[in-house]
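Asker: File model11.cif below, mmCIF, C-alpha atoms:
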```cif
data_structure
loop_
_atom_site.label_atom_id
_atom_site.label_comp_id
_atom_site.auth_asym_id
_atom_site.auth_seq_id
_atom_site.Cartn_x
_atom_site.Cartn_y
_atom_site.Cartn_z
CA MET W 280 -32.55 -12.27 -128.50
CA ARG W 281 -33.10 -9.45 -126.02
CA ILE W 282 -30.62 -9.00 -123.17
CA ARG W 283 -31.18 -7.12 -119.92
CA ILE W 284 -28.11 -5.59 -118.28
CA ASP W 285 -28.11 -4.29 -114.70
CA PHE W 286 -25.28 -1.87 -114.03
CA ALA W 287 -23.97 1.04 -111.95
CA TYR W 288 -21.85 4.11 -112.53
CA ASP W 289 -20.27 7.10 -110.85
CA GLY W 290 -21.57 10.03 -112.86
CA THR W 291 -18.91 12.52 -111.76
CA ASP W 292 -16.85 12.50 -114.96
CA PHE W 293 -19.71 11.90 -117.43
CA SER W 294 -21.73 14.43 -119.40
CA GLY W 295 -24.84 12.47 -118.50
CA TRP W 296 -26.27 9.24 -119.90
CA ALA W 297 -27.19 10.19 -123.47
CA LEU W 298 -24.82 10.27 -126.41
CA GLN W 299 -23.42 13.71 -127.18
CA PRO W 300 -20.85 14.40 -129.92
CA GLY W 301 -17.38 14.97 -128.52
CA LEU W 302 -18.40 14.33 -124.90
CA ARG W 303 -17.88 11.38 -122.58
CA THR W 304 -21.22 9.78 -121.77
CA VAL W 305 -22.35 6.57 -120.07
CA GLN W 306 -24.25 5.46 -123.17
CA GLY W 307 -21.23 6.06 -125.36
CA GLU W 308 -18.92 4.01 -123.14
CA LEU W 309 -21.38 1.14 -122.81
CA GLN W 310 -22.28 0.90 -126.49
CA ALA W 311 -18.61 0.91 -127.48
CA ALA W 312 -17.82 -1.77 -124.88
CA LEU W 313 -20.77 -3.92 -125.97
CA ALA W 314 -19.80 -3.73 -129.63
CA ARG W 315 -16.25 -4.78 -128.75
CA ALA W 316 -17.36 -7.58 -126.39
CA LEU W 317 -19.87 -8.98 -128.90
CA ARG W 318 -17.52 -8.41 -131.86
CA VAL W 319 -20.17 -6.53 -133.88
CA PRO W 320 -19.88 -3.17 -135.69
CA GLU W 321 -22.27 -1.28 -133.41
CA VAL W 322 -24.82 -1.72 -130.64
CA TRP W 323 -27.78 0.42 -129.59
CA VAL W 324 -29.30 0.23 -126.12
CA THR W 325 -32.45 1.44 -124.34
CA VAL W 326 -32.08 2.56 -120.73
CA ALA W 327 -34.59 2.69 -117.87
CA GLY W 328 -33.96 6.35 -117.11
CA ARG W 329 -31.62 8.96 -118.57
CA THR W 330 -29.52 10.74 -115.98
CA ASP W 331 -28.01 14.22 -116.21
CA ALA W 332 -24.33 15.12 -116.00
CA GLY W 333 -22.94 14.30 -112.57
CA VAL W 334 -25.84 12.08 -111.48
CA HIS W 335 -24.95 8.56 -110.29
CA ALA W 336 -26.66 5.16 -110.53
CA ARG W 337 -26.53 2.00 -108.42
CA GLY W 338 -29.44 0.13 -110.01
CA GLN W 339 -29.65 1.24 -113.64
CA VAL W 340 -31.09 -1.11 -116.30
CA LEU W 341 -30.80 -1.30 -120.08
CA HIS W 342 -31.78 -3.71 -122.82
CA LEU W 343 -30.34 -4.49 -126.24
CA ASP W 344 -31.17 -6.89 -129.05
CA VAL W 345 -28.47 -9.18 -130.43
CA GLU W 346 -28.17 -12.20 -132.65
CA GLU W 347 -27.89 -15.21 -130.35
CA ALA W 348 -25.12 -16.59 -132.56
CA ASP W 349 -23.06 -13.43 -131.94
CA LEU W 350 -23.50 -13.79 -128.17
CA VAL W 351 -22.45 -17.44 -128.20
CA SER W 352 -19.49 -16.74 -130.49
CA SER W 353 -18.28 -13.86 -128.29
CA ALA W 354 -17.90 -16.22 -125.30
CA GLY W 355 -15.20 -18.18 -127.14
CA ARG W 356 -13.89 -21.07 -125.03
CA SER W 357 -15.01 -19.60 -121.73
CA PRO W 358 -16.41 -22.20 -119.30
CA GLN W 359 -19.02 -19.62 -118.28
CA THR W 360 -22.42 -19.27 -119.90
CA PRO W 361 -22.42 -16.77 -122.78
CA LEU W 362 -24.26 -14.19 -120.66
CA ASP W 363 -21.88 -14.56 -117.70
CA ALA W 364 -18.97 -14.36 -120.09
CA LEU W 365 -20.46 -11.15 -121.51
CA THR W 366 -20.58 -9.60 -118.03
CA ARG W 367 -16.95 -10.56 -117.42
CA ARG W 368 -15.79 -9.22 -120.79
CA LEU W 369 -17.66 -5.94 -120.33
CA ASN W 370 -16.12 -5.33 -116.92
CA GLY W 371 -12.73 -5.98 -118.46
CA ILE W 372 -13.34 -3.38 -121.16
CA LEU W 373 -15.27 -0.67 -119.31
CA PRO W 374 -13.58 2.09 -117.31
CA GLY W 375 -13.63 1.84 -113.53
CA ASP W 376 -16.53 4.26 -113.10
CA ILE W 377 -18.99 1.86 -114.81
CA ARG W 378 -19.63 -1.69 -113.61
CA VAL W 379 -22.01 -4.34 -114.94
CA HIS W 380 -23.71 -6.37 -112.22
CA ARG W 381 -25.36 -8.99 -114.40
CA SER W 382 -26.48 -9.82 -117.95
CA THR W 383 -29.64 -11.91 -118.34
CA ALA W 384 -31.97 -13.08 -121.09
CA ALA W 385 -34.96 -10.74 -121.05
CA PRO W 386 -38.49 -12.17 -121.22
CA ALA W 387 -40.86 -11.43 -124.07
CA HIS W 388 -42.13 -7.83 -124.15
CA PHE W 389 -39.47 -6.57 -121.71
CA ASP W 390 -38.47 -2.97 -122.34
CA ALA W 391 -36.01 -1.35 -119.93
CA ARG W 392 -37.78 2.00 -120.22
CA PHE W 393 -41.45 1.33 -120.92
CA SER W 394 -41.83 -1.81 -118.78
CA ALA W 395 -40.70 -0.05 -115.60
CA THR W 396 -43.40 0.55 -112.99
CA TRP W 397 -41.30 2.77 -110.72
CA ARG W 398 -37.90 4.39 -110.22
CA ARG W 399 -36.34 5.12 -106.84
CA TYR W 400 -33.78 7.87 -106.32
CA ALA W 401 -31.88 9.01 -103.24
CA TYR W 402 -30.54 12.51 -102.63
CA ARG W 403 -27.92 12.89 -99.90
CA ILE W 404 -27.04 16.08 -98.03
CA ALA W 405 -24.55 16.83 -95.26
CA ASP W 406 -25.89 19.97 -93.55
CA ASP W 407 -23.76 19.64 -90.42
CA PRO W 408 -19.95 20.08 -90.48
CA THR W 409 -19.58 16.89 -88.42
CA ALA W 410 -21.17 14.95 -91.29
CA TYR W 411 -18.94 16.46 -93.98
CA ASP W 412 -16.77 13.73 -95.50
CA PRO W 413 -14.34 14.74 -98.26
CA LEU W 414 -14.29 11.11 -99.45
CA ARG W 415 -17.98 11.44 -100.36
CA ARG W 416 -17.78 14.92 -101.88
CA HIS W 417 -18.81 13.66 -105.33
CA HIS W 418 -21.89 11.85 -104.00
CA VAL W 419 -23.14 14.05 -101.16
CA LEU W 420 -24.14 17.72 -101.27
CA HIS W 421 -22.39 19.73 -98.54
CA TRP W 422 -24.85 22.38 -97.35
CA ALA W 423 -23.69 25.23 -95.11
CA ARG W 424 -27.01 25.83 -93.31
CA PRO W 425 -29.00 23.40 -91.09
CA LEU W 426 -32.18 21.90 -92.56
CA ASP W 427 -35.36 21.08 -90.64
CA VAL W 428 -36.28 17.50 -91.50
CA ASP W 429 -39.77 17.66 -90.00
CA VAL W 430 -40.70 20.77 -91.96
CA MET W 431 -39.40 19.26 -95.22
CA ASN W 432 -41.38 16.06 -94.65
CA THR W 433 -44.54 18.06 -93.97
CA SER W 434 -44.09 19.98 -97.21
CA ALA W 435 -43.12 16.87 -99.19
CA ALA W 436 -46.41 15.20 -98.22
CA ASP W 437 -48.26 17.88 -100.22
CA LEU W 438 -46.52 16.66 -103.39
CA ILE W 439 -47.51 12.99 -103.16
CA GLY W 440 -49.96 11.66 -105.73
CA LEU W 441 -50.78 11.96 -109.42
CA HIS W 442 -50.15 15.57 -110.46
CA ASP W 443 -48.99 17.76 -113.27
CA PHE W 444 -45.41 18.50 -112.19
CA ALA W 445 -44.81 21.15 -114.86
CA THR W 446 -43.43 23.50 -112.18
CA PHE W 447 -40.65 21.02 -111.44
CA CYS W 448 -39.81 19.85 -114.97
CA LYS W 449 -37.84 21.23 -117.86
CA ALA W 450 -40.25 21.29 -120.77
CA ARG W 451 -39.69 18.90 -123.66
CA PRO W 452 -41.69 18.97 -126.93
CA ASP W 453 -44.53 16.43 -127.11
CA SER W 454 -43.82 15.19 -123.57
CA THR W 455 -46.27 15.11 -120.66
CA THR W 456 -45.33 16.38 -117.20
CA ILE W 457 -47.97 14.32 -115.43
CA ARG W 458 -46.38 11.88 -113.00
CA GLU W 459 -47.39 9.83 -109.95
CA LEU W 460 -45.10 10.67 -107.05
CA ARG W 461 -45.56 7.75 -104.67
CA SER W 462 -43.11 8.64 -101.91
CA LEU W 463 -40.80 11.48 -100.88
CA VAL W 464 -39.37 11.06 -97.40
CA TRP W 465 -36.41 12.66 -95.60
CA GLN W 466 -34.44 10.77 -92.95
CA ARG W 467 -31.35 11.64 -90.97
CA ASP W 468 -28.82 8.83 -90.48
CA PRO W 469 -27.04 8.25 -87.14
CA ASP W 470 -23.94 9.96 -88.58
CA GLY W 471 -25.95 13.07 -89.41
CA LEU W 472 -26.32 12.50 -93.15
CA LEU W 473 -29.67 13.62 -94.53
CA THR W 474 -31.23 11.44 -97.25
CA ALA W 475 -34.35 12.01 -99.33
CA THR W 476 -35.84 8.86 -100.85
CA VAL W 477 -37.99 9.68 -103.89
CA LEU W 478 -40.13 7.10 -105.70
CA ALA W 479 -42.43 7.65 -108.70
CA ASP W 480 -43.73 5.80 -111.71
CA ALA W 481 -41.40 7.98 -113.79
CA PHE W 482 -39.68 11.35 -113.63
CA CYS W 483 -39.52 14.15 -116.17
CA HIS W 484 -36.34 16.07 -116.93
CA SER W 485 -34.77 17.61 -113.77
CA MET W 486 -37.85 16.77 -111.67
CA VAL W 487 -36.08 15.14 -108.71
CA ARG W 488 -33.47 17.89 -108.36
CA ALA W 489 -36.15 20.59 -108.65
CA LEU W 490 -38.22 18.93 -105.92
CA ILE W 491 -35.14 18.73 -103.71
CA GLY W 492 -34.22 22.35 -104.40
CA CYS W 493 -37.75 23.44 -103.45
CA LEU W 494 -37.69 21.49 -100.18
CA ILE W 495 -34.20 22.74 -99.26
CA ALA W 496 -35.51 26.32 -99.46
CA ILE W 497 -38.32 25.35 -97.10
CA GLY W 498 -36.07 23.33 -94.79
CA GLU W 499 -33.69 26.22 -94.18
CA GLY W 500 -36.54 28.66 -93.54
CA ARG W 501 -36.36 30.79 -96.69
CA LYS W 502 -39.82 29.69 -97.77
CA PRO W 503 -42.98 28.71 -95.80
CA GLU W 504 -44.21 25.12 -95.44
CA SER W 505 -46.98 25.82 -97.96
CA TRP W 506 -44.58 26.85 -100.72
CA ALA W 507 -44.18 23.40 -102.32
CA ARG W 508 -47.95 22.99 -102.54
CA GLU W 509 -48.35 26.47 -104.01
CA GLN W 510 -45.65 25.88 -106.61
CA LEU W 511 -47.18 22.55 -107.63
CA ALA W 512 -50.58 24.20 -108.12
CA ALA W 513 -49.07 26.90 -110.33
CA ARG W 514 -48.04 24.35 -113.01
CA THR W 515 -45.58 26.89 -114.36
CA ARG W 516 -41.81 26.61 -114.34
CA SER W 517 -40.42 29.13 -111.86
CA SER W 518 -36.92 30.59 -111.55
CA ALA W 519 -37.57 30.81 -107.80
CA ILE W 520 -36.99 27.05 -107.57
CA HIS W 521 -33.29 26.32 -107.70
CA ILE W 522 -32.35 22.90 -109.08
CA ALA W 523 -30.22 21.03 -106.55
CA PRO W 524 -26.68 20.11 -107.68
CA ALA W 525 -26.32 16.78 -109.50
CA ARG W 526 -23.70 15.19 -107.28
CA GLY W 527 -26.11 14.40 -104.43
CA LEU W 528 -28.44 12.35 -106.64
CA THR W 529 -28.30 8.58 -107.24
CA LEU W 530 -30.68 6.30 -109.13
CA GLU W 531 -30.98 3.44 -106.65
CA GLU W 532 -33.42 0.99 -108.21
CA VAL W 533 -35.90 0.40 -111.03
CA GLY W 534 -38.97 -1.79 -110.53
CA TYR W 535 -40.64 -4.07 -113.09
CA PRO W 536 -43.84 -6.16 -113.04
CA PRO W 537 -43.95 -9.96 -113.24
CA ASP W 538 -43.12 -11.36 -116.66
CA GLU W 539 -46.74 -12.20 -117.45
CA GLU W 540 -47.73 -8.53 -117.00
CA LEU W 541 -45.04 -7.00 -119.23
CA GLU W 542 -47.14 -6.77 -122.40
CA GLY W 543 -49.96 -4.99 -120.59
CA ARG W 544 -47.51 -2.63 -118.93
CA LEU W 545 -46.16 -1.53 -122.31
CA LEU W 546 -49.66 -0.51 -123.43
CA ILE W 547 -50.27 1.48 -120.25
CA THR W 548 -46.95 3.31 -120.32
CA ARG W 549 -47.16 4.33 -123.95
CA ASN W 550 -50.58 5.92 -123.53
CA ARG W 551 -50.06 9.67 -123.13
CA ARG W 552 -51.56 11.03 -119.93
CA ASP W 553 -53.74 14.15 -119.86
CA LEU W 554 -55.10 16.52 -117.22
CA SER W 555 -58.37 14.60 -116.87
CA GLU W 556 -56.48 12.11 -114.69
CA VAL W 557 -55.29 14.78 -112.30
CA ALA W 558 -57.41 15.87 -109.36
CA PRO W 559 -57.85 19.65 -109.15
CA HIS W 560 -55.82 21.43 -106.46
CA GLU W 561 -57.72 22.90 -103.53
#
```
What would the structure in this file look like if it were written as structure tokens?
Answerer:
Amino acid sequence: MRIRIDFAYDGTDFSGWALQPGLRTVQGELQAALARALRVPEVWVTVAGRTDAGVHARGQVLHLDVEEADLVSSAGRSPQTPLDALTRRLNGILPGDIRVHRSTAAPAHFDARFSATWRRYAYRIADDPTAYDPLRRHHVLHWARPLDVDVMNTSAADLIGLHDFATFCKARPDSTTIRELRSLVWQRDPDGLLTATVLADAFCHSMVRALIGCLIAIGEGRKPESWAREQLAARTRSSAIHIAPARGLTLEEVGYPPDEELEGRLLITRNRRDLSEVAPHE
């Protein structure tokens, strides 16, 4: 059977999501905990979106395939359902910076990565000393210069749509940089905290932090409002765009279609996009 697990983590002390020899990773901790909870030699999982070192998640999703007999056996004499017992056992095994919210039976054709229709991230910045909070230092970027929210929103609007985001992505072999950015909006909270909400069908490596770094440069007046649009049109990775620090970034939520649309979604997602889909820049 296939199991979906919804979970969260504080990325501060992890070397990112993906397994790396000799390093502490979220995947490594979860796979070890799952193997122990299910009493099996090893477990492999698929996640909705890999996060870099220091990036956090509130609404991360993974799936794994297990023998139903192993799941039932692992619950022992617990009065809970086997899936609820799995959640309880995992939270008893995992370190405090990872927490499982729920474990559920996944429908046919569900894939944590390829079934997703969108991912939503938030990036938080304190650009005013009155908003600096040392208790949030691992989750909020403290910025020494004031940022103009209106200017950043004007520039962000130029990035919305289906584009080749090669300028904002670290290149990976055999991987497309075409993405549909559906929303990128900055808002200032009553306490002065500045939050960018970023939603797309998917993100390529370092894309969100590169977008944020570009807009910070515009928001503090180092670059003109047109700079984001110009960089997007270039479709070439530029050292002029500084990637924003990881600690301000959190994966907030992953969206999936109704169960009856999952099979069709898999076919769409696995089709490699090309430049014919992208409207030319003016």
Asker: Evaluate the PyMOL selection byres ((chain W and resi 420) around 9) here and jot the selected residues down as a PyMOL selection string.
Answerer: chain W and resi 402-406+415-419+421-422+523-528
Asker: Smallest atom-to-atom distance to Arg337 in chain W: which of W:Glu509, W:Glu308, W:Glu499, W:Asp289, using only C-alpha atoms?
Answerer: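 Of the candidates, the smallest distance to Arg337 in chain W is held by W:Asp289.
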Asker: Counting all atoms listed in the file, select every polymer residue within 7 Å of (-17.2, 12.0, -123.4) as defined in the file's coordinates, and provide the selection as a ChimeraX atom specification.
Answerer: /W:293-294,301-304
Asker: I would like the residues chosen by the PyMOL selection byres ((chain W and resi 470-476) around 12) on the shown file; could you give them as a PDB file with C-alpha atoms, in the frame of the given file?
Answerer:
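As written to disk, part_15.pdb reads:
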```pdb
ATOM      1  CA  ARG W 398     -37.900   4.390-110.220  1.00  0.00           C
ATOM      2  CA  ARG W 399     -36.340   5.120-106.840  1.00  0.00           C
ATOM      3  CA  TYR W 400     -33.780   7.870-106.320  1.00  0.00           C
ATOM      4  CA  ALA W 401     -31.880   9.010-103.240  1.00  0.00           C
ATOM      5  CA  TYR W 402     -30.540  12.510-102.630  1.00  0.00           C
ATOM      6  CA  ARG W 403     -27.920  12.890 -99.900  1.00  0.00           C
ATOM      7  CA  ILE W 404     -27.040  16.080 -98.030  1.00  0.00           C
ATOM      8  CA  ALA W 405     -24.550  16.830 -95.260  1.00  0.00           C
ATOM      9  CA  ASP W 406     -25.890  19.970 -93.550  1.00  0.00           C
ATOM     10  CA  ASP W 407     -23.760  19.640 -90.420  1.00  0.00           C
ATOM     11  CA  PRO W 408     -19.950  20.080 -90.480  1.00  0.00           C
ATOM     12  CA  THR W 409     -19.580  16.890 -88.420  1.00  0.00           C
ATOM     13  CA  ALA W 410     -21.170  14.950 -91.290  1.00  0.00           C
ATOM     14  CA  TYR W 411     -18.940  16.460 -93.980  1.00  0.00           C
ATOM     15  CA  ASP W 412     -16.770  13.730 -95.500  1.00  0.00           C
ATOM     16  CA  ARG W 415     -17.980  11.440-100.360  1.00  0.00           C
ATOM     17  CA  HIS W 418     -21.890  11.850-104.000  1.00  0.00           C
ATOM     18  CA  VAL W 419     -23.140  14.050-101.160  1.00  0.00           C
ATOM     19  CA  LEU W 420     -24.140  17.720-101.270  1.00  0.00           C
ATOM     20  CA  HIS W 421     -22.390  19.730 -98.540  1.00  0.00           C
ATOM     21  CA  TRP W 422     -24.850  22.380 -97.350  1.00  0.00           C
ATOM     22  CA  PRO W 425     -29.000  23.400 -91.090  1.00  0.00           C
ATOM     23  CA  LEU W 426     -32.180  21.900 -92.560  1.00  0.00           C
ATOM     24  CA  ASP W 427     -35.360  21.080 -90.640  1.00  0.00           C
ATOM     25  CA  VAL W 428     -36.280  17.500 -91.500  1.00  0.00           C
ATOM     26  CA  ASP W 429     -39.770  17.660 -90.000  1.00  0.00           C
ATOM     27  CA  MET W 431     -39.400  19.260 -95.220  1.00  0.00           C
ATOM     28  CA  ASN W 432     -41.380  16.060 -94.650  1.00  0.00           C
ATOM     29  CA  ALA W 435     -43.120  16.870 -99.190  1.00  0.00           C
ATOM     30  CA  LEU W 460     -45.100  10.670-107.050  1.00  0.00           C
ATOM     31  CA  ARG W 461     -45.560   7.750-104.670  1.00  0.00           C
ATOM     32  CA  SER W 462     -43.110   8.640-101.910  1.00  0.00           C
ATOM     33  CA  LEU W 463     -40.800  11.480-100.880  1.00  0.00           C
ATOM     34  CA  VAL W 464     -39.370  11.060 -97.400  1.00  0.00           C
ATOM     35  CA  TRP W 465     -36.410  12.660 -95.600  1.00  0.00           C
ATOM     36  CA  GLN W 466     -34.440  10.770 -92.950  1.00  0.00           C
ATOM     37  CA  ARG W 467     -31.350  11.640 -90.970  1.00  0.00           C
ATOM     38  CA  ASP W 468     -28.820   8.830 -90.480  1.00  0.00           C
ATOM     39  CA  PRO W 469     -27.040   8.250 -87.140  1.00  0.00           C
ATOM     40  CA  VAL W 477     -37.990   9.680-103.890  1.00  0.00           C
ATOM     41  CA  LEU W 478     -40.130   7.100-105.700  1.00  0.00           C
ATOM     42  CA  ALA W 479     -42.430   7.650-108.700  1.00  0.00           C
ATOM     43  CA  VAL W 487     -36.080  15.140-108.710  1.00  0.00           C
ATOM     44  CA  ARG W 488     -33.470  17.890-108.360  1.00  0.00           C
ATOM     45  CA  LEU W 490     -38.220  18.930-105.920  1.00  0.00           C
ATOM     46  CA  ILE W 491     -35.140  18.730-103.710  1.00  0.00           C
ATOM     47  CA  GLY W 492     -34.220  22.350-104.400  1.00  0.00           C
ATOM     48  CA  LEU W 494     -37.690  21.490-100.180  1.00  0.00           C
ATOM     49  CA  ILE W 495     -34.200  22.740 -99.260  1.00  0.00           C
ATOM     50  CA  GLY W 498     -36.070  23.330 -94.790  1.00  0.00           C
ATOM     51  CA  GLY W 527     -26.110  14.400-104.430  1.00  0.00           C
ATOM     52  CA  LEU W 528     -28.440  12.350-106.640  1.00  0.00           C
ATOM     53  CA  THR W 529     -28.300   8.580-107.240  1.00  0.00           C
ATOM     54  CA  LEU W 530     -30.680   6.300-109.130  1.00  0.00           C
ATOM     55  CA  GLU W 531     -30.980   3.440-106.650  1.00  0.00           C
ATOM     56  CA  GLU W 532     -33.420   0.990-108.210  1.00  0.00           C
TER      57      GLU W 532
END
```
Asker: Could you tell me which residues the PyMOL selection byres ((chain W and resi 352-365) around 10) returns for this structure, as a list in words?
Answerer: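 When the PyMOL selection byres ((chain W and resi 352-365) around 10) is applied to the shown file, the picked residues are Ile282, Arg283, Ile284, Leu313, Arg315, Ala316, Leu317, Arg318, Val319, Glu347, Ala348, Asp349, Leu350, Val351, Thr366, Arg367, Arg368, Leu369, Asn370, Gly371, Val379, Arg381, Ser382, Thr383 and Ala384 of chain W.
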Asker: What gap, in Å, lies between CA of Asp285 in chain W and CA of Leu545 in chain W?
Answerer: 19.8 Å
Asker: CA of Asp344 in chain W and CA of Pro452 in chain W are how many Å apart?
Answerer: 28.0 Å
Asker: When you count all atoms listed in the file, which of these residues is closest to Arg424 in chain W: W:Ala385, W:Ile497, W:Ala436, W:Ala332?
Answerer: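 Of W:Ala385, W:Ile497, W:Ala436, W:Ala332, the one nearest Arg424 in chain W is W:Ile497, counting all atoms listed in the file.
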Asker: Starting from the incomplete input, reconstruct N, CA and C atoms of range 425-450 of chain W and write that as a PDB file, in the coordinates of the input.
Answerer:
```pdb
ATOM      1  N   PRO W 425     -28.234  24.557 -91.582  1.00  0.00           N
ATOM      2  CA  PRO W 425     -29.000  23.400 -91.090  1.00  0.00           C
ATOM      3  C   PRO W 425     -30.388  23.341 -91.712  1.00  0.00           C
ATOM      4  N   LEU W 426     -30.868  22.131 -91.945  1.00  0.00           N
ATOM      5  CA  LEU W 426     -32.180  21.900 -92.560  1.00  0.00           C
ATOM      6  C   LEU W 426     -33.104  21.212 -91.566  1.00  0.00           C
ATOM      7  N   ASP W 427     -34.353  21.629 -91.548  1.00  0.00           N
ATOM      8  CA  ASP W 427     -35.360  21.080 -90.640  1.00  0.00           C
ATOM      9  C   ASP W 427     -36.061  19.911 -91.326  1.00  0.00           C
ATOM     10  N   VAL W 428     -35.754  18.704 -90.872  1.00  0.00           N
ATOM     11  CA  VAL W 428     -36.280  17.500 -91.500  1.00  0.00           C
ATOM     12  C   VAL W 428     -37.799  17.422 -91.379  1.00  0.00           C
ATOM     13  N   ASP W 429     -38.320  17.748 -90.212  1.00  0.00           N
ATOM     14  CA  ASP W 429     -39.770  17.660 -90.000  1.00  0.00           C
ATOM     15  C   ASP W 429     -40.531  18.593 -90.928  1.00  0.00           C
ATOM     16  N   VAL W 430     -40.041  19.808 -91.077  1.00  0.00           N
ATOM     17  CA  VAL W 430     -40.700  20.770 -91.960  1.00  0.00           C
ATOM     18  C   VAL W 430     -40.647  20.278 -93.410  1.00  0.00           C
ATOM     19  N   MET W 431     -39.516  19.744 -93.840  1.00  0.00           N
ATOM     20  CA  MET W 431     -39.400  19.260 -95.220  1.00  0.00           C
ATOM     21  C   MET W 431     -40.312  18.069 -95.465  1.00  0.00           C
ATOM     22  N   ASN W 432     -40.471  17.194 -94.484  1.00  0.00           N
ATOM     23  CA  ASN W 432     -41.380  16.060 -94.650  1.00  0.00           C
ATOM     24  C   ASN W 432     -42.834  16.513 -94.713  1.00  0.00           C
ATOM     25  N   THR W 433     -43.176  17.524 -93.923  1.00  0.00           N
ATOM     26  CA  THR W 433     -44.540  18.060 -93.970  1.00  0.00           C
ATOM     27  C   THR W 433     -44.834  18.635 -95.349  1.00  0.00           C
ATOM     28  N   SER W 434     -43.904  19.387 -95.887  1.00  0.00           N
ATOM     29  CA  SER W 434     -44.090  19.980 -97.210  1.00  0.00           C
ATOM     30  C   SER W 434     -44.075  18.923 -98.306  1.00  0.00           C
ATOM     31  N   ALA W 435     -43.212  17.926 -98.177  1.00  0.00           N
ATOM     32  CA  ALA W 435     -43.120  16.870 -99.190  1.00  0.00           C
ATOM     33  C   ALA W 435     -44.429  16.095 -99.302  1.00  0.00           C
ATOM     34  N   ALA W 436     -45.143  15.944 -98.186  1.00  0.00           N
ATOM     35  CA  ALA W 436     -46.410  15.200 -98.220  1.00  0.00           C
ATOM     36  C   ALA W 436     -47.422  15.850 -99.149  1.00  0.00           C
ATOM     37  N   ASP W 437     -47.336  17.178 -99.335  1.00  0.00           N
ATOM     38  CA  ASP W 437     -48.260  17.880-100.220  1.00  0.00           C
ATOM     39  C   ASP W 437     -48.027  17.551-101.691  1.00  0.00           C
ATOM     40  N   LEU W 438     -46.881  16.948-102.006  1.00  0.00           N
ATOM     41  CA  LEU W 438     -46.520  16.660-103.390  1.00  0.00           C
ATOM     42  C   LEU W 438     -46.887  15.241-103.819  1.00  0.00           C
ATOM     43  N   ILE W 439     -47.253  14.398-102.865  1.00  0.00           N
ATOM     44  CA  ILE W 439     -47.510  12.990-103.160  1.00  0.00           C
ATOM     45  C   ILE W 439     -48.809  12.841-103.962  1.00  0.00           C
ATOM     46  N   GLY W 440     -48.775  11.949-104.943  1.00  0.00           N
ATOM     47  CA  GLY W 440     -49.960  11.660-105.730  1.00  0.00           C
ATOM     48  C   GLY W 440     -49.743  11.878-107.210  1.00  0.00           C
ATOM     49  N   LEU W 441     -50.811  11.749-107.974  1.00  0.00           N
ATOM     50  CA  LEU W 441     -50.780  11.960-109.420  1.00  0.00           C
ATOM     51  C   LEU W 441     -51.044  13.431-109.695  1.00  0.00           C
ATOM     52  N   HIS W 442     -50.045  14.123-110.237  1.00  0.00           N
ATOM     53  CA  HIS W 442     -50.150  15.570-110.460  1.00  0.00           C
ATOM     54  C   HIS W 442     -49.476  15.940-111.772  1.00  0.00           C
ATOM     55  N   ASP W 443     -49.762  17.148-112.205  1.00  0.00           N
ATOM     56  CA  ASP W 443     -48.990  17.760-113.270  1.00  0.00           C
ATOM     57  C   ASP W 443     -47.809  18.480-112.618  1.00  0.00           C
ATOM     58  N   PHE W 444     -46.610  17.960-112.836  1.00  0.00           N
ATOM     59  CA  PHE W 444     -45.410  18.500-112.190  1.00  0.00           C
ATOM     60  C   PHE W 444     -44.676  19.484-113.098  1.00  0.00           C
ATOM     61  N   ALA W 445     -45.425  20.216-113.924  1.00  0.00           N
ATOM     62  CA  ALA W 445     -44.810  21.150-114.860  1.00  0.00           C
ATOM     63  C   ALA W 445     -43.900  22.155-114.162  1.00  0.00           C
ATOM     64  N   THR W 446     -44.253  22.554-112.933  1.00  0.00           N
ATOM     65  CA  THR W 446     -43.430  23.500-112.180  1.00  0.00           C
ATOM     66  C   THR W 446     -42.031  22.966-111.947  1.00  0.00           C
ATOM     67  N   PHE W 447     -41.911  21.646-111.834  1.00  0.00           N
ATOM     68  CA  PHE W 447     -40.650  21.020-111.440  1.00  0.00           C
ATOM     69  C   PHE W 447     -39.945  20.319-112.599  1.00  0.00           C
ATOM     70  N   CYS W 448     -40.393  20.543-113.823  1.00  0.00           N
ATOM     71  CA  CYS W 448     -39.810  19.850-114.970  1.00  0.00           C
ATOM     72  C   CYS W 448     -39.344  20.825-116.038  1.00  0.00           C
ATOM     73  N   LYS W 449     -38.245  20.487-116.682  1.00  0.00           N
ATOM     74  CA  LYS W 449     -37.840  21.230-117.860  1.00  0.00           C
ATOM     75  C   LYS W 449     -38.670  20.732-119.036  1.00  0.00           C
ATOM     76  N   ALA W 450     -39.321  21.660-119.696  1.00  0.00           N
ATOM     77  CA  ALA W 450     -40.250  21.290-120.770  1.00  0.00           C
ATOM     78  C   ALA W 450     -39.531  20.615-121.924  1.00  0.00           C
TER      79      ALA W 450
END
```
